[in-house]
Structure formats: structure tokens, C-alpha cells
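J.: Below you'll find the structure I mean.
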Amino acid sequence: MDNQFLFSLITGIFIGGTAGYLGSLMVSKKMGLIAGPLGHLTLPGIALALIYGFDVSLGALPFVVLGAVLIWFFEMRTRLPVESLTAVVFATGVAVAFLILPSEDLETALVGDIANVGVLEAFISVGLSLIIFLILQRIYNKIIFLSISEDLAKVEGIDVRKYNFIYLACISIIVVLGVKIVGGLLTAALVAIPACASRNLSKNLFQYSYGAMILGAVSCIFGIFISRSTGYSAGPLIILVNSFFFLLSVFLKKR
Amino acid sequence: METQNNILEVKNLNVKLNGEKIIEDLSFKVKEGETLTVLGPNGAGKTVLFRTLLGLLPYEGEISWRKGLKISYIPTNLPLAKDFPLTIKEFFNLKKKDYEEVLNILKAVGMFHSDILKKKITTLSTGQFQRILVAWGLCENPEVLLFDEPTFGIDIGGQENIYHLLGRIQKERKMTMLLVSHDLNIVYKIADKVLCLNKKALCFGPPREIISPETLVQLYGGEIKFYQHLHG
């Protein structure tokens with residue numbers, strides 16, 4: 001096993017696992033679909049990163065922040081539903097990306113390229129994933145409380161704004177890291193599918209959340225290995241492995 | 001003397017949401033240990049009143065709770081709780097309670113059996129889940145319980161149980177309870193006072209004194225089909 005491959009694998013395991021764990025919080029109706037648009041929003045940033053040759057996550061970051069700020073601003077001005085505004089903003093992002101992106105970089109931007117991850121990138125990804133995981137673990141119950149009822153959380157003395165902000169920041173960082181493995185197109189899947197599969201198999205919240213983490217990490221391992229032996233891109237393969245686990249969970253689910 | 005006994009005093013309360021007046025010039029008092037039912041049709045501002053009392057909405061006027069009260073709130077039905085695969089134990093964990101207390105409270109609401117903590121809340125019936133919510137609201141011995149529609153989605157038989165339960169708990173714990181309902185039954189079963197609300201307060205006082213066919217017509221707009229024997 002060469003070093004490059006090892007870096008890819010470790011990066012995948014950590015980002016995939018944390019994304020899965022995060023996804024278990026995002027099943028609620030309010031948050032379920034936000035990772036997708038956020039991922040698409042990163043595309044212009046990824047395009048710039050590929051054109052000028054710097055790290056795609058670094059390119060993606062300002063665009064996620066910009067997108068989130070724009071959505072927040074439009075929502076404040078118009079009171080339109082966040083979902084609709086997110087659609088407006090992310091479609092714009094995708095359109096811009098397609099205009100400026102050279103066609104030879106299209107695949108990398110859309111579905112990621114974990115095979116070429118550098119040493120520094122790998123270290124930063126692992127570190128950030130670990131930090132996000134530990135933060136999420138600490139605020140997990142509070143986020144569930146918030147998702148169930150913000151009113152109730154406020155009455156119980158939970159600082160709703162603070163936790164919502166931390167939560168959104170964690171989602172943004174995972175999306176930014178996720179584009180490295182699965183590109184701007186598939187980040188939602190990286191977050192959502194492990195949680196769905198784990199939901200089918202779990203008896204309680206503990207099994208569910210850590211199950212999602214394990215499935216997220218294992219899917220990355222399989223995806224990256226299959227990519228190595230077949231030569232296909234790892235991004236789509238990781239998502240397909242995830243889908244396979246989900247399908248399996250549907251049949252294993254006790255009714 | 002009378003003011004010392006008050007746990008809540010509301011004076012000239014006005015609440016506007018998106019430019020629309022939801023509550024107009026509302027004044028009432030709640031004494032310690034009393035059960036007040038806020039009665040009114042859909043859209044009368046009952047839930048808005050609760051959320052305002054809890055400090056969740058901006059308002060004009062005066063809301064004064066006695067200082068240092070422990071207030072517990074149970075919103076209607078809490079449907080999003082079932083978005084997560086929570087067991088009853090994990091559901092209580094969100095509030096971080098010790099299990100002795102949780103088990104005692106579950107006994108008090110008639111939801112105790114050996115495997116209860118491992119049961120998923122998604123598998124509970126509406127009535128069972130409502131009992132769990134009551135138990136959840138009772139954690140940490142609140143002095144005031146605000147309960148929005150205690151009988152939401154429960155059939156008549158189940159409703160009787162919830163009234164019974166709330167009445168008993170109120171007596172045992174000497175709690176002050178504020179209930180929102182559009183169900184007249186609950187008023188007669190457990191309320192000491194009733195506040196008829198339809199943007200403005202249409203009546204306020206002990207139910208048997210103030211509820212008459214006329215006030216109900218005023219409150220519900222003449223479509224009410226409910227007959228209550230006022231004697232006995």
C-alpha cells in the first residue's frame with residue numbers, strides 16, 4: 001500500500017465517518033435537504049481552486065459562507081421559505097461554476113477526487129473531522145432538543161442561537177471537507193444516506209448515531225478500495241456503496 | 001394579601017404578529033395552586049398567549065411572574081420528537097434527569113413497566129405519548145406547568161384519562177397549571193378558572209359562574225354544539 005493511497009483512505013474514513021454522524025442529526029424536515037444545496041454552492045469555489053491549482057476545500061469554504069450569508073440576508077428581507085431561497089442561491093452557484101470551469105476539470109468538481117489528496121490536506125482533514133466530531137458529540141442532545149422544538153429549548157434555558165450557529169458551522173465545514181471526497185454534487189448523499197440506512201437498523205439513538213458514523217466510514221473504505229482496483233472515480237463509488245448499505249438495511253429492517 | 005398570592009399577573013397585554021393584532025388588551029391573574037384553562041376556538045390566540053407568557057414573543061403591556069419560579073412547558077403534541085429514533089430513556093435524557101425521578105414520574109402518569117425505558121417513542125400511541133409528555137413536563141418539580149392542548153389527538157376514553165391524570169397530579173403536587181384547550185370538558189373537569197379568549201378576553205372567572213350558552217355563542221360564534229349540565 002503506497003503512502004498516497006493510505007492518505008486518501010484515512011482522509012476518507014475520517015470525513016465519511018463524521019459526515020455520517022452529522023447526518024444522523026439532519027434527518028429532521030428542517031435540515032434534511034440543506035447539505036445538497038450547500039454542496040452545489042461550493043462549485044464556483046471548487047472551479048477556482050482547480051483553475052488556479054489550490055485545495056478544493058479551501059476554494060469551497062468562502063462560497064459556503066457567502067451562500068449561507070446570502071440565504072440569511074434574503075430570508076430576512078423577503079420572509080420567503082429558506083428552502084426556496086436556498087434553491088435560488090445554489091442554482092446561481094452551479095450556473096457560475098459551469099461558465100468558468102474548464103471541461104477537463106468538470107468531473108473532479110462534480111464528483112471529487114480523493115486519490116490525489118496531499119499529506120498536509122490529509123492531516124488538516126483528519127484534524128478538522130475529529131474536532132467537528134467531538135463538538136457534535138458534545139452538542140448532540142441539545143441539537144435534537146432544538147430540532148424537536150425551539151420554543152421548548154428556549155424555555156429550558158438553551159441558548160438556541162448559539163447552538164444553531166455552531167450546528168450550521170459544523171455542517172458547513174463537513175460540506176467543505178466532503179467536496180474533497182465526493183465533489184460538489186454528491187455531498188448531500190455523504191451526509192444523508194448513512195443516517196437513513198442506520199435508522200432502519202437501530203433500536204435507539206445511540207445505535208443510530210454511531211451506526212451512521214460507522215456506515216459513513218466503511219462506505220469510504222470500500223469505495224476507495226474499489227476505485228483503486230477498477231480505476232473508476234472514488235466519489236461515485238463511495239456513494240454507491242452507501243446506497244448498497246441502505247438497500248441492505250431496507251431488507252434487514254424488522255417490521 | 002391577594003397580590004401576594006398571585007403567581008402571574010397580566011395587564012393590558014397586546015401581541016402583534018406580522019402587523020396583525022393577535023391578542024388585544026388582555027388582563028388576568030393566576031393564583032398559586034390554581035388551574036386556569038384558556039378556552040377558545042382555533043386561531044383565537046391561545047398558543048400565542050402561552051408563547052408570550054413564556055417570553056418567546058414580543059409584546060406590549062405587563063406580564064409579571066412571581067420571581068424565581070420553575071416553569072415547565074409542554075407544546076402541542078411535539079410531533080418532531082418522532083423524527084428521531086429515541087427511546088423513552090433517551091427522550092428523558094435530553095433533559096438530563098436522574099432515573100430514580102424519571103421512574104417515579106412514569107409511575108405517576110401510569111406509564112411504568114419493566115421495559116418502558118427501552119421502548120421507542122415512535123411506537124407509542126398518541127395517548128401514551130401524551131402521558132410521556134406530561135411526565136417529561138413534570139421532571140424537576142416545576143411550580144408552574146403550561147400545557148398546550150393536553151388532549152390533542154386523543155380519543156374520548158383517553159381524554160378522560162388525561163383529565164384525571166392532570167387533576168390528580170395538580171392535587172398531589174400543588175402545582176399551578178395553565179392549560180390551553182378548545183375542549184369544554186376539560187374546563188368542567190379540572191379548571192378552577194377559565195379565560196375565554198378570542199383575541200380579547202370574553203370572560204374570566206370560575207367556569208360554573210361565567211360559562212353560559214350566551215358566552216359560548218359569543219366565543220365560538222354560535223356553532224357550538226355542546227350541552228353541559230351545570231348542576232351537580
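Identifiers for the C-alpha cells are assigned positionally: chains receive A, B, ... in sequence, residues are indexed from 1 per chain, and ligands are indexed from 1 in the order shown.
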Which residues of chain A come within 6 Å of chain B, and for each one, what is the closest pair of atoms and their distance in Å to one decimal, counting only C-alpha atoms, sorted by chain and residue number, as a Markdown table?
T.:
```
| residue | atom | partner | partner_atom | distance |
| --- | --- | --- | --- | --- |
| A:Ser28 | CA | B:Asp83 | CA | 5.7 |
| A:Asn141 | CA | B:Leu94 | CA | 5.6 |
| A:Ile148 | CA | B:Leu80 | CA | 4.9 |
| A:Asn204 | CA | B:Pro85 | CA | 5.5 |
| A:Leu205 | CA | B:Leu86 | CA | 5.2 |
```
J.: Could you give me, as a list in words, the residues within 10 Å of Lys21 (chain B), counting only C-alpha atoms and dropping anything in the same chain fewer than 5 positions from it?
T.: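 The neighbour list is Asn14, Val15, Lys16, Gly45 and Lys199 of chain B.
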J.: Output N, CA and C atoms for every residue in the selection just made, as a PDB file, in the first residue's frame.
T.:
```pdb
ATOM      1  N   ASN B  14     -50.919  43.237  24.838  1.00  0.00           N
ATOM      2  CA  ASN B  14     -51.190  43.302  23.398  1.00  0.00           C
ATOM      3  C   ASN B  14     -50.084  42.566  22.657  1.00  0.00           C
ATOM      4  N   VAL B  15     -50.465  41.692  21.742  1.00  0.00           N
ATOM      5  CA  VAL B  15     -49.465  40.978  20.949  1.00  0.00           C
ATOM      6  C   VAL B  15     -49.804  41.130  19.472  1.00  0.00           C
ATOM      7  N   LYS B  16     -48.808  41.578  18.727  1.00  0.00           N
ATOM      8  CA  LYS B  16     -48.963  41.697  17.277  1.00  0.00           C
ATOM      9  C   LYS B  16     -47.984  40.759  16.605  1.00  0.00           C
ATOM     10  N   GLY B  45     -55.744  32.767  19.468  1.00  0.00           N
ATOM     11  CA  GLY B  45     -54.541  33.329  20.081  1.00  0.00           C
ATOM     12  C   GLY B  45     -54.118  32.612  21.348  1.00  0.00           C
ATOM     13  N   LYS B 199     -59.059  36.663  20.740  1.00  0.00           N
ATOM     14  CA  LYS B 199     -58.278  37.905  20.641  1.00  0.00           C
ATOM     15  C   LYS B 199     -58.399  38.721  21.919  1.00  0.00           C
TER      16      LYS B 199
END
```
J.: Asn77 (chain B): which residues within 12 Å, counting only C-alpha atoms, same-chain residues fewer than 3 positions away excluded, as a list in words?
T.: Ile148 and Ser149 of chain A; Tyr73, Ile74, Leu80, Ala81, Lys82, Ser125, Thr126, Gly127, Gln128, Phe129, Gln130, Arg131, Ile132, Leu133, Val134, Phe147, Asp148, Glu149, Pro150, Thr151, Phe152, Gly153 and Ile154 of chain B
J.: To one decimal place in Å, what is the distance between CA of Thr78 (chain A) and CA of Lys162 (chain A)?
T.: 23.7 Å
J.: Can you pull out every residue from region 39-75 of chain B that DSSP, working from the backbone, puts in strand (DSSP E), and format the result as a list in words?
T.: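 Secondary structure check on region 39-75 of chain B, strand (DSSP E): Leu39, Glu60, Gly61, Glu62, Ile63, Ser64, Trp65, Ile71, Ser72, Tyr73 and Ile74 of chain B.
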